[in-house]
Structure formats: C-alpha cells, structure tokens
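Undergrad: Let me give you the structure first, and then I'll get to my questions.
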Number of protein chains: 2
Amino acid sequence: MPRFRLTMLRHAMHAQGLDAMLVSSPSGIRYLSGFSGSSGLCVVTRRGAWCLTDSRYRLQAREELRCFRPLMVRESFGEAIARHSLLRGCRTAGVEEGELTLAGFRALRKQCAPCSLKPAGGVLGRLMSCKDRGELLHLERAVEITDRVFCDVITMIRPGVAERDLAAEISYRQRRAGADGDAFDVIVASGFRSALPHARASAKKIRTGEIVLLDFGCTVEGYHSDMTRTVVIGRAAKLVRGIYDIVLRAQEAGIAVLRAGCAARDVDAVVRRKIADEGYRRFFPHSVGHGLGLRVHERPRLAPRSPDFLEAGNVVTVEPGIYIPGRGGIRIEDVALVTETGSRVMTASPKELMIL
Amino acid sequence: MPRFRLTMLRHAMHAQGLDAMLVSSPSGIRYLSGFSGSSGLCVVTRRGAWCLTDSRYRLQAREELRCFRPLMVRESFGEAIARHSLLRGCRTAGVEEGELTLAGFRALRKQCAPCSLKPAGGVLGRLMSCKDRGELLHLERAVEITDRVFCDVITMIRPGVAERDLAAEISYRQRRAGADGDAFDVIVASGFRSALPHARASAKKIRTGEIVLLDFGCTVEGYHSDMTRTVVIGRAAKLVRGIYDIVLRAQEAGIAVLRAGCAARDVDAVVRRKIADEGYRRFFPHSVGHGLGLRVHERPRLAPRSPDFLEAGNVVTVEPGIYIPGRGGIRIEDVALVTETGSRVMTASPKELMIL
C-alpha cells in the first residue's frame with residue numbers, strides 16, 4: 001500500500017510544481033512510510049524516498065519502513081539533508097505548514113538552500129483524507145471499540161459517580177478492548193458543565209435530573225474514532241427533550257446530505273439552518289464536523305467557511321450541539337464514510353434519548 | 001501569581017526589544033493567564049493583556065482568566081488582532097517559534113503588519129522553566145501519584161500479562177488517584193522490546209527471565225510527572241545486573257552534579273562519561289534529561305549540545321539508559337528540583353534492581 005501512496009504523492013507533487021516534499025508530521029510519516037516513531041522526517045523527491053530518524057528508533061524503523069530508505073541521523077534533520085545532498089537538483093520542496101513549527105521551518109530552510117521551501121501541506125492532506133480499504137478496517141475497529149465501551153459504561157452513569165472516574169473507566173475499557181489509547185482526553189460533562197462544549201472530565205459528581213454528555217474515541221494503529229452521546233439521569237425536563245430532538249434531527253439532516261462532490265460548507269449550512277429555524281442559532285457555537293483518520297481533526301472541515309469538497313473515502317464526524325449556559329448542553333456525534341452515492345454511518349450506538 | 005508572571009514577561013520583553021508577545025501554545029497561555037482551553041491566543045503589550053478564544057470557551061474563560069481580558073472571536077485570531085487594533089503602536093512582537101505552526105505564523109504575520117513578528121519563544125520558556133511554589137505543589141502531586149501507582153502495579157508485573165494491559169492499568173490507576181491524565185503514552189516494554197528506547201506498550205506478553213521497562217507519568221493541573229523503572233522477572237542474568245548497576249551509578253552521578261549555574265551539557269557529559277567508561281557509549285543513544293512542567297519536554301535540555309544553564313527552580317529528569325539490541329535495555333529516571341546548592345530528588349520510588 002505505501003508504494004501506491006508514494007506514487008500518488010509524486011503525481012500530486014508534479015501537479016504542484018514541487019521537486020520534493022518534506023513530511024514532518026508523525027501522522028504524515030506513518031501514512032507514507034509505515035514508520036510510527038515520534039521523531040522523524042520523510043524526504044520524497046522524484047527519484048528517492050528517505051525516512052530520517054535517530055538511533056533510538058533504529059530497530060523500529062527497520063521493522064516498519066516500507067519503500068523508504070532509513071537514515072539514522074546524529075545531527076538535525078536539516079543538517080542531515082545537507083550532508084547527504086538529498087535535495088540535489090531540487091528547486092522547490094513542499095512542507096506541511098499546518099504541522100511544522102516556525103522553528104522547524106527556519107532550521108530546514110537554512111539547510112535546504114538553494115532549494116526553496118513552500119507550504120504544501122494540502123497535497124498530502126488531500127491524499128490522507130481519502131481512505132483505502134486497509135485504513136477503513138482500522139477506523140472501523142476503532143469505532144467498534146468506542147461503541148462497545150459506550151454500551152458497557154451506560155450502567156455506570158448514575159448519581160454519585162464523579163465525571164473523572166467515569167472518564168477513567170472509559171479510557172481503561174477502550175485500552176482493554178484493544179485500543180492503543182484515547183483519541184483525545186475523554187469528555188464527561190454533567191449538569192451545567194455540559195454547556196461547555198469542550199469541558200474536560202472534572203471531580204464533579206453526577207446528580208439526578210442532570211444531563212451527561214460523553215465525547216470520546218480511541219486509536220487503533222494510529223486511526224481515530226470519535227463519538228458523542230448525551231443522556232439524562234432520572235427524568236428529562238420538557239426543554240431538554242425538545243432540544244434533544246432538534247439536535248438529533250439536525251444531525252440526521254447533516255448525514256443525509258453527505259455525498260461525494262458536496263461542498264463541506266453546505267453540509268454545515270444544512271445542519272446550522274435546522275438549528276437556527278428552531279431559534280437556537282447562537283447556542284451552536286462550533287462547526288458541524290471534521291475529517292477523521294490518522295489525525296483526529298483533518299480534511300474535510302465541515303464548517304461555514306470551509307473550502308473543501310467531499311470525496312468518496314472521506315471519513316467525517318457530524319456533531320451539532322445546542323448549549324444553554326447555566327442549564328446544560330446536548331451534542332450528538334457519529335462518524336460516517338462518504339461514498340459516491342451518499343454515506344455509510346459507522347457509529348452503531350443508539351441515538352434516541354436515553355433516560356438512565 | 002499570574003500578575004507576577006505578566007510583570008516578569010514584560011520585563012523580559014523590554015530587555016529583548018519587544019513591544020508585544022503573542023503566546024499561542026496552550027501551556028504558555030495557561031501559565032500566563034490561567035486559561036486552560038485548547039484554543040486561544042494571548043496578546044501581551046506593554047499596557048494591555050488579552051486572551052483571545054472562541055465562544056465554545058466563554059464560560060471557561062470567564063472562570064479561569066486572571067489579569068487578562070477575554071475576547072471571544074468569531075474570525076481568526078489574526079483578524080481579531082487587526083480588528084481590535086491590539087498591536088497599535090507596536091513595532092516588534094515576539095512569537096513562540098517552537099510551538100507556532102508555519103501556517104499559524106503566516107496568518108498572524110499578515111494581520112499584524114506593520115508590526116513585525118520575531119521568534120522569541122525562549123523569553124517565555126525561560127520564565128516557565130523556573131517554578132514557583134504553587135507550580136511545585138502541582139508537580140509534587142503529579143510525581144507522588146506516579147510513585148504510588150508504580151508501587152501498586154508492581155504485583156501485577158508477572159509472566160503472562162500483556163504489556164498493553166499493564167499500561168492500561170497504570171493509566172487507569174493514575175486517573176483514579178486524582179491525575180487529569182497521562183503525561184504521555186505509557187511505555188511498558190519487555191524482553192527484547194526494552195531495547196527500543198521509545199517502545200510503546202504492545203500486545204506482547206511478559207515472560208519469565210525478561211527485563212520490563214516502565215516509563216510513565218501523569219498530569220495534575222497541567223503539570224507533568226515522568227518516571228522510569230526497569231525490573232526483571234524471575235532471575236537476572238549477570239550481564240543485566242552489571243548493566244543495571246552502571247546505569248544506576250551514572251544516573252546518580254548526574255543527580256549529584258545538578259546545581260544552579262551548572263551548564264546543562266555538563267550534566268549530560270558527566271552521565272555519558274560514566275557509561276562510556278564502562279564501554280557502553282554507543283548503547284546510550286539519547287540525551288540525559290529535560291525540563292518538566294506545563295510541558296513534558298521543556299527547558300533546560302540536558303543534552304550534549306544544549307545551550308542552557310541550570311537555574312534554581314528548574315525541575316528536570318535525569319534518565320540515562322543502556323540498550324543492547326536484541327537483548328534488552330535498562331533505563332532509570334527520576335525527577336529532581338534544581339536548587340542554589342544542589343538538587344532535591346522528587347521521585348520516591350526505590351531504585352535498587354527489583355527481581356519480581
């Protein structure tokens with residue numbers, strides 16, 4: 001598979017007038033070369049492909065690398081590029097501007113001269129956003145684990161349990177179920193805290209009558225899952241039922257319009273309009289969704305000003321929410337695979353309002 | 001406390017000829033302003049201090065911010081800086097070049113003109129490296145949790161247990177003990193895998209006679225702990241005992257030379273020489289240690305080419321290792337507070353070779 005990815009990258013480089021590409025993000029390196037170490041740099045030219053890392057990763061690089069020549073370096077990556085003349089004859093090399101730090105860029109630029117460096121992260125980002133069969137298997141496995149763990153922990157969501165203990169349980173169970181780790185810090189937010197769209201799990205205990213919002217995911221072979229469900233403890237106020245229904249219908253409307261060729265901002269618009277029509281526009285302060293893969297947030301962004309168009313093989317989240325400060329918030333999030341004719345929802349957990 | 005930090009930052013800015021500082025890293029933002037959200041930008045000028053974030057974090061920003069004016073923005077941070085003329089009259093503003101992406105830098109640079117942006121991450125990094133009393137309390141608490149969890153899981157390190165299950169247990173117990181999360185992915189590496197200095201926990205099961213290397217830490221209020229211990233299951237080969245002893249003596253020699261004023265590279269040199277003297281130079285392929293705080297790797301770097309000098313209040317790791325490919329590796333790591341007269345080791349777990 002990496003051989004095919006390398007070929008695709010070279011085609012894309014050629015189309016952009018790039019003689020080389022310097023891939024610095026761990027996710028980009030893993031995608032192209034198979035190497036999963038935390039420090040590395042892939043250098044791809046029209047003829048060669050090298051993966052630079054240091055001797056801490058010697059054995060790992062030897063085991064994992066496909067199609068790339070390993071180079072164990074003692075100096076900085078830039079110095080190694082210069083010493084081995086990896087960019088000989090290259091005039092322009094692309095870098096991942098959204099992943100590379102300014103310091104990293106300046107160090108590389110100095111050593112790569114006279115080859116000039118140019119932001120070109122989108123070249124790789126677009127390839128990475130269209131998943132092949134092997135990638136979908138990892139994503140499905142990650143989604144499956146997250147679904148299963150949600151089902152397992154439902155019985156533990158009860159009055160008196162601290163948010164952070166529930167979060168610890170989720171994290172533990174995802175690992176025990178075969179995940180490599182959490183996709184991001186598990187969010188468990190109850191009561192008024194559910195109105196904070198990015199609340200972390202706190203020491204607060206869950207109480208009867210409260211909303212509990214759970215947002216979590218795991219990683220399998222580097223691929224992320226991501227799911228949100230919101231439940232109610234004891235009994236649900238009429239307002240909560242009403243809002244839940246609005247969010248659910250908006251979320252389903254978003255999923256219904258997913259399809260290769262559709263503008264990502266149009267998906268956002270459809271979902272946002274559903275919520276605005278019910279008078280909750282200003283209580284939905286974030287974008288509708290994002291691509292998911294080796295990165296937890298990647299192309300395409302389902303947001304009002306997104307320039308992206310959906311392509312077959314994109315895996316995206318659809319996750320609207322309504323948050324009433326001081327009262328609570330509701331968010332529902334699934335992962336879906338975009339196809340030529342529509343989409344296939346990968347998340348299997350039920351979406352009806354659960355009153356526990 | 002943040003007021004004092006802001007004053008110190010302004011002094012340092014003045015000394016560097018900076019009219020403003022744009023702090024983009026979550027750790028830097030938290031250090032200065034108290035805000036712990038995952039998306040924000042602090043703008044500090046000689047007169048003003050603003051924390052830009054978006055409305056997802058409205059409640060959190062209101063609760064957490066000290067000394068900084070919250071600004072909820074709908075547009076990009078750069079656009080908001082321009083619209084509110086936050087840099088009016090400023091000619092040069094510093095940015096955190098080691099934390100800011102190239103894309104982030106370019107977006108800011110465009111909007112901040114005519115104010116020019118200059119790499120100045122070291123200004124904040126140096127402040128952050130000297131811990132005050134409040135910070136030390138969080139670090140101590142994080143180190144304490146890690147120590148306790150190590151003590152708890154010792155009985156679980158036995159033949160037949162998978163590395164990843166042990167890692168899951170460690171992660172779970174750190175959270176249950178009050179940690180906010182793991183400081184980094186828990187490393188459990190057994191047998192030949194212990195020779196990979198950055199191995200993750202795998203599905204491999206621990207077997208009798210094997211080395212087991214555990215490297216983990218947690219976070220408390222954003223502050224990280226970090227500890228490594230290496231144990232042996234059943235019985236230790238003579239070679240293993242010998243190497244363990246060399247690593248331990250090298251590690252203790254490193255701790256013994258810690259002291260405010262000492263060059264960080266000299267600490268590295270002392271430890272490296274101890275290992276080289278025994279003939280294992282090429283089996284120690286990483287640096288001796290790093291600063292620890294709101295970032296898991298920060299100033300000072302205890303490495304051969306480090307430009308840093310130790311200061312009182314630095315909290316550093318000392319973590320030499322010897323790794324024999326195919327056989328196994330041993331690493332021992334403590335956290336120590338640098339003082340005017342020496343250091344105080346914060347890690348309390350025993351360091352004698354444990355044969356379980």
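Chain labels run A, B, ... following the order of the structure tokens; each chain numbers its residues from 1, and ligands are numbered from 1 in the order shown.
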Using only C-alpha atoms, find the residues of chain B whose closest atom to chain A is at most 9 Å away, then write them as a ChimeraX atom specification.
TA: /B:37-38,54-60,96-105,119,164-165,167-169,171-176,178,180-181,185,195-203,284-286,325
Undergrad: Could you please take those selected residues and save N, CA and C atoms as a compact mmCIF listing (two decimals), in the first residue's frame?
TA:
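Resulting contents of out_9.txt:
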```
# COMPACT_ATOMS: atom_id res chain seq x y z
N GLY B 37 -8.18 26.24 28.20
CA GLY B 37 -8.84 25.73 26.99
C GLY B 37 -7.82 25.33 25.95
N SER B 38 -8.29 24.58 24.94
CA SER B 38 -7.32 24.07 23.95
C SER B 38 -7.17 25.00 22.75
N ASP B 54 -12.66 31.38 21.44
CA ASP B 54 -13.96 31.49 20.79
C ASP B 54 -15.06 31.13 21.77
N SER B 55 -16.29 31.28 21.30
CA SER B 55 -17.41 31.22 22.25
C SER B 55 -17.64 29.84 22.84
N ARG B 56 -17.01 28.80 22.28
CA ARG B 56 -17.10 27.48 22.93
C ARG B 56 -16.52 27.55 24.35
N TYR B 57 -15.59 28.51 24.54
CA TYR B 57 -14.87 28.57 25.82
C TYR B 57 -15.29 29.75 26.68
N ARG B 58 -16.46 30.35 26.34
CA ARG B 58 -16.87 31.58 27.02
C ARG B 58 -16.91 31.41 28.55
N LEU B 59 -17.63 30.38 29.00
CA LEU B 59 -17.79 30.20 30.44
C LEU B 59 -16.45 29.87 31.10
N GLN B 60 -15.70 28.99 30.44
CA GLN B 60 -14.42 28.57 30.99
C GLN B 60 -13.45 29.75 31.10
N GLU B 96 6.15 32.39 19.68
CA GLU B 96 6.76 31.15 20.16
C GLU B 96 7.08 30.25 18.96
N GLU B 97 8.28 30.38 18.44
CA GLU B 97 8.62 29.69 17.19
C GLU B 97 8.64 28.16 17.32
N GLY B 98 8.81 27.68 18.54
CA GLY B 98 8.85 26.23 18.73
C GLY B 98 7.47 25.62 18.91
N GLU B 99 6.45 26.45 18.98
CA GLU B 99 5.10 25.97 19.25
C GLU B 99 4.13 26.36 18.15
N LEU B 100 4.42 27.50 17.51
CA LEU B 100 3.52 28.02 16.48
C LEU B 100 3.80 27.32 15.15
N THR B 101 2.76 26.90 14.44
CA THR B 101 3.00 26.29 13.13
C THR B 101 3.32 27.38 12.11
N LEU B 102 3.93 26.95 11.02
CA LEU B 102 4.25 27.88 9.94
C LEU B 102 2.97 28.54 9.42
N ALA B 103 1.90 27.75 9.29
CA ALA B 103 0.63 28.30 8.80
C ALA B 103 0.10 29.35 9.79
N GLY B 104 0.19 29.04 11.08
CA GLY B 104 -0.26 29.99 12.09
C GLY B 104 0.55 31.27 12.04
N PHE B 105 1.84 31.12 11.87
CA PHE B 105 2.73 32.27 11.80
C PHE B 105 2.39 33.16 10.60
N PRO B 119 10.91 35.51 16.26
CA PRO B 119 10.97 34.34 17.15
C PRO B 119 11.47 34.74 18.53
N ARG B 164 0.33 -4.13 27.06
CA ARG B 164 -0.71 -3.12 26.94
C ARG B 164 -1.73 -3.18 28.06
N ASP B 165 -1.95 -4.37 28.62
CA ASP B 165 -2.88 -4.46 29.74
C ASP B 165 -2.27 -3.81 30.98
N ALA B 167 -0.13 -1.38 30.84
CA ALA B 167 -0.18 0.06 30.54
C ALA B 167 -1.57 0.62 30.84
N ALA B 168 -2.60 -0.13 30.46
CA ALA B 168 -3.98 0.32 30.71
C ALA B 168 -4.21 0.46 32.21
N GLU B 169 -3.66 -0.49 32.96
CA GLU B 169 -3.82 -0.49 34.42
C GLU B 169 -3.15 0.76 35.02
N SER B 171 -2.45 3.62 33.52
CA SER B 171 -3.18 4.81 33.11
C SER B 171 -4.45 4.98 33.96
N TYR B 172 -5.17 3.89 34.13
CA TYR B 172 -6.41 3.90 34.92
C TYR B 172 -6.14 4.31 36.36
N ARG B 173 -5.11 3.72 36.94
CA ARG B 173 -4.83 3.99 38.34
C ARG B 173 -4.35 5.41 38.57
N GLN B 174 -3.63 5.96 37.60
CA GLN B 174 -3.20 7.36 37.75
C GLN B 174 -4.43 8.26 37.80
N ARG B 175 -5.38 8.01 36.92
CA ARG B 175 -6.61 8.82 36.91
C ARG B 175 -7.39 8.63 38.21
N ARG B 176 -7.53 7.39 38.63
CA ARG B 176 -8.29 7.14 39.84
C ARG B 176 -7.62 7.78 41.05
N GLY B 178 -6.33 10.62 41.03
CA GLY B 178 -6.52 12.07 41.01
C GLY B 178 -5.80 12.80 39.88
N ASP B 180 -5.15 14.17 36.08
CA ASP B 180 -6.03 14.57 34.99
C ASP B 180 -5.88 13.64 33.79
N GLY B 181 -4.73 13.03 33.66
CA GLY B 181 -4.49 12.11 32.55
C GLY B 181 -3.05 11.65 32.55
N ASP B 185 1.99 8.66 26.33
CA ASP B 185 1.57 7.26 26.24
C ASP B 185 2.46 6.41 27.15
N ALA B 195 14.78 -2.87 24.55
CA ALA B 195 15.94 -2.25 23.89
C ALA B 195 15.51 -1.14 22.93
N LEU B 196 14.18 -0.96 22.74
CA LEU B 196 13.68 0.14 21.93
C LEU B 196 13.41 1.30 22.89
N PRO B 197 14.23 2.34 22.89
CA PRO B 197 14.07 3.37 23.93
C PRO B 197 12.69 4.03 23.94
N HIS B 198 12.01 4.04 22.78
CA HIS B 198 10.69 4.67 22.75
C HIS B 198 9.59 3.69 22.37
N ALA B 199 9.74 2.44 22.82
CA ALA B 199 8.72 1.44 22.54
C ALA B 199 7.40 1.86 23.17
N ARG B 200 6.31 1.57 22.51
CA ARG B 200 5.01 1.73 23.16
C ARG B 200 4.66 0.38 23.79
N ALA B 201 3.58 0.34 24.54
CA ALA B 201 3.12 -0.93 25.08
C ALA B 201 2.47 -1.72 23.95
N SER B 202 2.83 -2.99 23.81
CA SER B 202 2.27 -3.81 22.73
C SER B 202 1.45 -4.96 23.30
N ALA B 203 0.99 -5.82 22.42
CA ALA B 203 0.21 -6.98 22.86
C ALA B 203 1.12 -8.10 23.40
N PHE B 284 23.91 4.13 24.40
CA PHE B 284 23.15 5.17 25.10
C PHE B 284 22.85 6.28 24.09
N PRO B 285 21.80 6.09 23.29
CA PRO B 285 21.61 6.95 22.11
C PRO B 285 20.73 8.18 22.33
N HIS B 286 20.43 8.55 23.57
CA HIS B 286 19.57 9.72 23.75
C HIS B 286 20.17 10.67 24.77
N PRO B 325 20.65 -4.10 21.49
CA PRO B 325 19.68 -4.60 20.50
C PRO B 325 19.53 -6.11 20.58
```
Undergrad: Please list as number ranges by chain every residue within 12 Å of Leu127 (chain A), counting only C-alpha atoms and excluding residues in the same chain fewer than 3 positions away.
TA: A: 2, 4-13, 28, 31-32, 121-124, 130-132, 293-294, 298-300, 311-314
Undergrad: List every residue of region 162-317 of chain B that DSSP, applied to the backbone of this structure, places in strand (DSSP E or B), and write the result as number ranges by chain.
TA: B: 162, 181-182, 187-190, 205, 211-216, 218-220, 223-224, 227-232, 263, 289-291, 298-302, 309, 315-317
Undergrad: From a DSSP calculation on the backbone, collect every residue of region 190-241 of chain A in helix (DSSP H, G or I) and output the set as number ranges by chain.
TA: A: 191-195, 238-241
Undergrad: Do you know which residues are at most 7 Å from Cys262 (chain A) counting only C-alpha atoms, after dropping those on the same chain fewer than 2 positions away, and could you put them as a PyMOL selection string?
TA: chain A and resi 258-260+264+309-310
Undergrad: Write a file of the selected residues as a CSV table (one decimal), in the first residue's frame, keeping C-alpha atoms.
TA:
```csv
chain,number,residue,atom,x,y,z
A,258,LEU,CA,-23.2,13.7,2.8
A,259,ARG,CA,-22.2,12.6,-0.7
A,260,ALA,CA,-19.0,12.8,-2.8
A,264,ALA,CA,-18.3,20.7,3.0
A,309,PHE,CA,-15.4,19.4,-1.2
A,310,LEU,CA,-16.4,15.9,0.0
```
Undergrad: Extract, using only C-alpha atoms, all DNA, RNA and protein residues at most 10 Å from Glu64 (chain A), discarding same-chain residues fewer than 2 positions from it, and format them as a PDB file with N, CA and C atoms, in the first residue's frame.
TA:
```pdb
ATOM      1  N   ARG A  30       3.742   8.309   9.084  1.00  0.00           N
ATOM      2  CA  ARG A  30       3.161   6.971   9.228  1.00  0.00           C
ATOM      3  C   ARG A  30       2.374   6.582   7.979  1.00  0.00           C
ATOM      4  N   SER A  33       5.130   6.075   5.000  1.00  0.00           N
ATOM      5  CA  SER A  33       6.252   5.139   5.112  1.00  0.00           C
ATOM      6  C   SER A  33       5.979   3.954   6.029  1.00  0.00           C
ATOM      7  N   GLY A  34       4.941   4.054   6.861  1.00  0.00           N
ATOM      8  CA  GLY A  34       4.670   2.997   7.830  1.00  0.00           C
ATOM      9  C   GLY A  34       5.365   3.213   9.161  1.00  0.00           C
ATOM     10  N   PHE A  35       6.323   4.145   9.215  1.00  0.00           N
ATOM     11  CA  PHE A  35       7.083   4.355  10.452  1.00  0.00           C
ATOM     12  C   PHE A  35       6.225   5.096  11.482  1.00  0.00           C
ATOM     13  N   SER A  36       6.130   4.542  12.685  1.00  0.00           N
ATOM     14  CA  SER A  36       5.236   5.137  13.683  1.00  0.00           C
ATOM     15  C   SER A  36       5.982   5.758  14.861  1.00  0.00           C
ATOM     16  N   GLY A  37       7.291   5.984  14.707  1.00  0.00           N
ATOM     17  CA  GLY A  37       8.047   6.642  15.777  1.00  0.00           C
ATOM     18  C   GLY A  37       7.612   8.087  15.946  1.00  0.00           C
ATOM     19  N   LEU A  59      15.717   0.008  15.455  1.00  0.00           N
ATOM     20  CA  LEU A  59      15.045  -1.281  15.275  1.00  0.00           C
ATOM     21  C   LEU A  59      13.628  -1.098  14.741  1.00  0.00           C
ATOM     22  N   GLN A  60      12.947  -0.102  15.321  1.00  0.00           N
ATOM     23  CA  GLN A  60      11.565   0.150  14.914  1.00  0.00           C
ATOM     24  C   GLN A  60      11.491   0.551  13.437  1.00  0.00           C
ATOM     25  N   ALA A  61      12.423   1.402  13.015  1.00  0.00           N
ATOM     26  CA  ALA A  61      12.431   1.850  11.623  1.00  0.00           C
ATOM     27  C   ALA A  61      12.673   0.657  10.703  1.00  0.00           C
ATOM     28  N   ARG A  62      13.579  -0.209  11.101  1.00  0.00           N
ATOM     29  CA  ARG A  62      13.895  -1.356  10.266  1.00  0.00           C
ATOM     30  C   ARG A  62      12.663  -2.260  10.109  1.00  0.00           C
ATOM     31  N   ARG A  66       8.502   0.845   4.849  1.00  0.00           N
ATOM     32  CA  ARG A  66       8.249   0.251   3.545  1.00  0.00           C
ATOM     33  C   ARG A  66       8.559   1.322   2.497  1.00  0.00           C
ATOM     34  N   PHE A  68      10.749   3.261   1.885  1.00  0.00           N
ATOM     35  CA  PHE A  68      11.588   4.395   2.256  1.00  0.00           C
ATOM     36  C   PHE A  68      12.923   3.872   2.767  1.00  0.00           C
TER      37      PHE A  68
END
```
Undergrad: Skip Glu252 (chain A) itself and residues of its chain fewer than 3 positions away, then list as a VMD selection string all residues within 12 Å of it, counting only C-alpha atoms.
TA: chain A and resid 245 to 249 255 to 258 267 270 to 272 274 to 275 288 317 to 320 332 to 336 343 345 351 to 352
Undergrad: Between CA of Ile187 (chain A) and CA of Glu163 (chain A), what distance in Å does the model show, to one decimal?
TA: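 Value for the CA of Ile187 (chain A)-CA of Glu163 (chain A) distance: 8.5 Å.
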Undergrad: Just want the 9 Å neighbourhood of Ile233 (chain B), counted on only C-alpha atoms, with same-chain residues fewer than 4 positions away dropped. Output as JSON, numbers by chain.
TA: {"B": [157, 158, 159, 206, 207, 208, 209, 210, 211, 212, 354, 355, 356]}
Undergrad: Take the residues from that selection and write them out as a PDB file, in the first residue's frame, keeping N, CA and C atoms.
TA:
```pdb
ATOM      1  N   ILE B 157       3.106  -7.055  37.658  1.00  0.00           N
ATOM      2  CA  ILE B 157       4.117  -7.326  36.626  1.00  0.00           C
ATOM      3  C   ILE B 157       4.544  -8.774  36.776  1.00  0.00           C
ATOM      4  N   ARG B 158       3.914  -9.668  36.002  1.00  0.00           N
ATOM      5  CA  ARG B 158       4.245 -11.091  36.145  1.00  0.00           C
ATOM      6  C   ARG B 158       4.065 -11.793  34.804  1.00  0.00           C
ATOM      7  N   PRO B 159       4.637 -12.970  34.683  1.00  0.00           N
ATOM      8  CA  PRO B 159       4.573 -13.677  33.399  1.00  0.00           C
ATOM      9  C   PRO B 159       3.130 -13.860  32.940  1.00  0.00           C
ATOM     10  N   ILE B 206       4.521 -10.600  28.895  1.00  0.00           N
ATOM     11  CA  ILE B 206       5.739 -10.650  29.699  1.00  0.00           C
ATOM     12  C   ILE B 206       6.071 -12.115  30.009  1.00  0.00           C
ATOM     13  N   ARG B 207       7.367 -12.448  29.917  1.00  0.00           N
ATOM     14  CA  ARG B 207       7.771 -13.826  30.205  1.00  0.00           C
ATOM     15  C   ARG B 207       8.851 -13.889  31.284  1.00  0.00           C
ATOM     16  N   THR B 208       8.984 -15.039  31.896  1.00  0.00           N
ATOM     17  CA  THR B 208       9.985 -15.232  32.940  1.00  0.00           C
ATOM     18  C   THR B 208      11.389 -14.953  32.390  1.00  0.00           C
ATOM     19  N   GLY B 209      12.188 -14.294  33.209  1.00  0.00           N
ATOM     20  CA  GLY B 209      13.566 -14.020  32.817  1.00  0.00           C
ATOM     21  C   GLY B 209      13.718 -12.718  32.056  1.00  0.00           C
ATOM     22  N   GLU B 210      12.590 -12.081  31.719  1.00  0.00           N
ATOM     23  CA  GLU B 210      12.683 -10.866  30.913  1.00  0.00           C
ATOM     24  C   GLU B 210      12.855  -9.600  31.753  1.00  0.00           C
ATOM     25  N   ILE B 211      13.465  -8.624  31.095  1.00  0.00           N
ATOM     26  CA  ILE B 211      13.502  -7.257  31.613  1.00  0.00           C
ATOM     27  C   ILE B 211      12.157  -6.610  31.300  1.00  0.00           C
ATOM     28  N   VAL B 212      11.619  -5.790  32.222  1.00  0.00           N
ATOM     29  CA  VAL B 212      10.423  -4.987  31.920  1.00  0.00           C
ATOM     30  C   VAL B 212      10.729  -3.528  32.248  1.00  0.00           C
ATOM     31  N   MET B 354      14.946  -4.598  41.129  1.00  0.00           N
ATOM     32  CA  MET B 354      13.872  -5.440  41.677  1.00  0.00           C
ATOM     33  C   MET B 354      13.743  -6.684  40.824  1.00  0.00           C
ATOM     34  N   ILE B 355      13.796  -7.824  41.477  1.00  0.00           N
ATOM     35  CA  ILE B 355      13.579  -9.084  40.762  1.00  0.00           C
ATOM     36  C   ILE B 355      12.246  -9.626  41.231  1.00  0.00           C
ATOM     37  N   LEU B 356      11.273  -9.654  40.343  1.00  0.00           N
ATOM     38  CA  LEU B 356       9.894  -9.969  40.736  1.00  0.00           C
ATOM     39  C   LEU B 356       9.558 -11.427  40.430  1.00  0.00           C
TER      40      LEU B 356
END
```
Undergrad: Kindly give the distance, in Å, that separates CA of Cys218 (chain B) and CA of Met346 (chain B), rounded to a single decimal.
TA: 14.3 Å
Undergrad: A:Leu22, A:Val220, A:Leu213, A:Ala80: which is nearest Leu137 (chain A), counting only C-alpha atoms?
TA: A:Val220
Undergrad: CA of Val153 (chain A) and CA of Leu136 (chain A), how far apart in Å?
TA: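 Atom-to-atom, CA of Leu136 (chain A) and CA of Val153 (chain A) are spaced 25.6 Å apart.
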